[in-house]
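Scroll down for the structure; my scribbles are underneath it.
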Amino acid sequence: MTALLGVFVTSSSHPTLPDVGVFAVAAAIILAGAIGVVVARNPVHSALMLVMTLFGVAVLFVLQQASFLAAVQVIVYAGAIVVLFLFVIMFLGVDKEENVAAEPLRGQRPLAVALVALGATGLLLLGQVSRWTTGQPHVAGSDTGAPNVNLIGKSLYTTYLFPFEATSALLIIAVVGAVVLARRPPAATSSEQIEEADAALAVRDPGPGTTDGTGDAGGDA
Amino acid sequence: MSISPAWYLSLSVVLFCIGAFGVLVRRNVLIMFMCVELMLNASNLAFVAFARQLHDIGGQVLVFFVLVVAAAEVVVGLGIVVAIFRRRASTNADDLHLMKG
């Protein structure tokens with residue numbers, strides 16, 4: 001492990017102490033939040049842990065001079081997506097403790113641990129054997145040192161104009177899809193139709209020995 | 001000199017694996033969604049690290065698009081969860097076997 005870390009540190013010149021401190025604290029926040037999301041029993045706690053992780057990622061964006069993305073991360077993720085999660089959790093009323101220890105599929109959890117550990121070590125080793133990064137900055141060179149927002153805006157409205165417009169179509173489709181999905185089925189929505197159905201039942205079976213709703217309607221008739 | 005991108009990529013790998021583990025292990029659909037968000041954030045972190053390393057703003061623009069797609073995915077996914085909850089009164093993935101043969 002120390003050899004692994006040694007390769008990382010010596011692969012570039014030494015970072016300054018504040019950078020290391022910020023990175024370490026943010027990484028600890030991110031990992032603690034991520035583990036909290038997975039192990040929390042209450043979905044509300046999971047959502048709050050997710051906010052913690054997203055905030056840590058935003059800090060790392062700032063550390064990498066991606067200030068616009070850090071702002072968007074906090075506003076869109078923490079401000080909109082997690083709030084949507086919390087809204088649905090509380091709307092459905094599923095904010096109860098759930099038994100995490102119960103294992104519905106036997107052997108699934110050890111298998112998941114093994115697979116994930118294998119994937120993680122594989123990726124990390126791959127990064128050691130074949131170089132993750134070239135060590136040669138300024139390869140593509142469109143980041144000319146202008147303010148981050150200017151660069152992103154220019155790139156978004158010139159090079160990536162068509163994908164940008166396509167995302168607007170995607171968002172419209174998503175909104176329409178969500179409305180269609182979350183709408184109640186039309187049969188049971190309007191009270192007028194329910195009354196019509198009750199009246200039809202009452203006409204067909206007007207006797208006193210019927211169920212509650214139809215019995216009242218039959219008596220009135 | 002700032003932190004080496006290798007550190008960011010290692011953190012990204014670990015974050016992605018925690019998210020993947022959550023998707024595999026948890027049975028609550030809402031928490032599985034949150035774990036997918038963790039995985040998307042891991043990829044965002046890697047994109048920004050590469051953008052910084054290569055001095056190419058394209059990586060950051062891609063993160064922007066990932067954010068948009070994540071938002072759309074969450075909106076549609078939660079709509080589906082609400083629609084399923086109306087029928088089954090459950091957010092447990094094991095209860096959703098309507099299409100099982």
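By order in the structure tokens, chains are A, B, ...; within a chain, residues start at 1; ligands start at 1, following the order shown.
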
For this session: Within 10 Å of Ala71 of chain A, counting only C-alpha atoms, which residues show up once you throw out same-chain ones fewer than 6 positions away? Write them as a list of chain:residue names, please.
Result: A:Ala58, A:Val59, A:Phe61, A:Val62, A:Tyr77

Any chance you could export the current selection's N, CA and C atoms as a short mmCIF file (atom, residue, chain, number, x, y, z; two decimals), in the first residue's frame?
```cif
data_model
loop_
_atom_site.label_atom_id
_atom_site.label_comp_id
_atom_site.auth_asym_id
_atom_site.auth_seq_id
_atom_site.Cartn_x
_atom_site.Cartn_y
_atom_site.Cartn_z
N ALA A 58 -18.31 18.57 -4.74
CA ALA A 58 -18.27 19.98 -5.14
C ALA A 58 -16.98 20.64 -4.64
N VAL A 59 -16.55 20.29 -3.43
CA VAL A 59 -15.29 20.84 -2.90
C VAL A 59 -14.13 20.42 -3.80
N PHE A 61 -14.32 19.72 -6.94
CA PHE A 61 -14.43 20.49 -8.19
C PHE A 61 -13.77 21.86 -8.02
N VAL A 62 -14.02 22.50 -6.88
CA VAL A 62 -13.38 23.80 -6.63
C VAL A 62 -11.87 23.65 -6.61
N TYR A 77 -27.73 19.14 -7.95
CA TYR A 77 -27.79 17.87 -7.22
C TYR A 77 -28.38 18.06 -5.83
#
```

For this session: Could the residues of chain B within 8 Å of chain A, counting only C-alpha atoms, be given as a ChimeraX atom specification, please?
Result: /B:1-7,10-11,13-15,17-22,24-26,30-31,34-35,38,41,45,48-50,52-58,60-61,63-65,67-69,71-76,78-80,82-83,85,91

For this session: Determine which residues of chain B DSSP labels as helix (DSSP H, G or I) from the backbone of this structure, then write them out as JSON, numbers by chain.
Result: {"B": [5, 6, 7, 8, 9, 10, 11, 12, 13, 14, 15, 16, 17, 18, 19, 20, 21, 22, 23, 24, 25, 29, 30, 31, 32, 33, 34, 35, 36, 37, 38, 39, 40, 41, 42, 43, 44, 45, 46, 47, 48, 49, 50, 51, 52, 53, 54, 58, 59, 60, 61, 62, 63, 64, 65, 66, 67, 68, 69, 70, 71, 72, 73, 74, 75, 76, 77, 78, 79, 80, 81, 82, 83, 84, 85, 86, 87, 88, 93, 94, 95]}

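Note that the spacing between atom CA of Ser12 of chain B and atom CA of Ala42 of chain B amounts to 4.6 Å.
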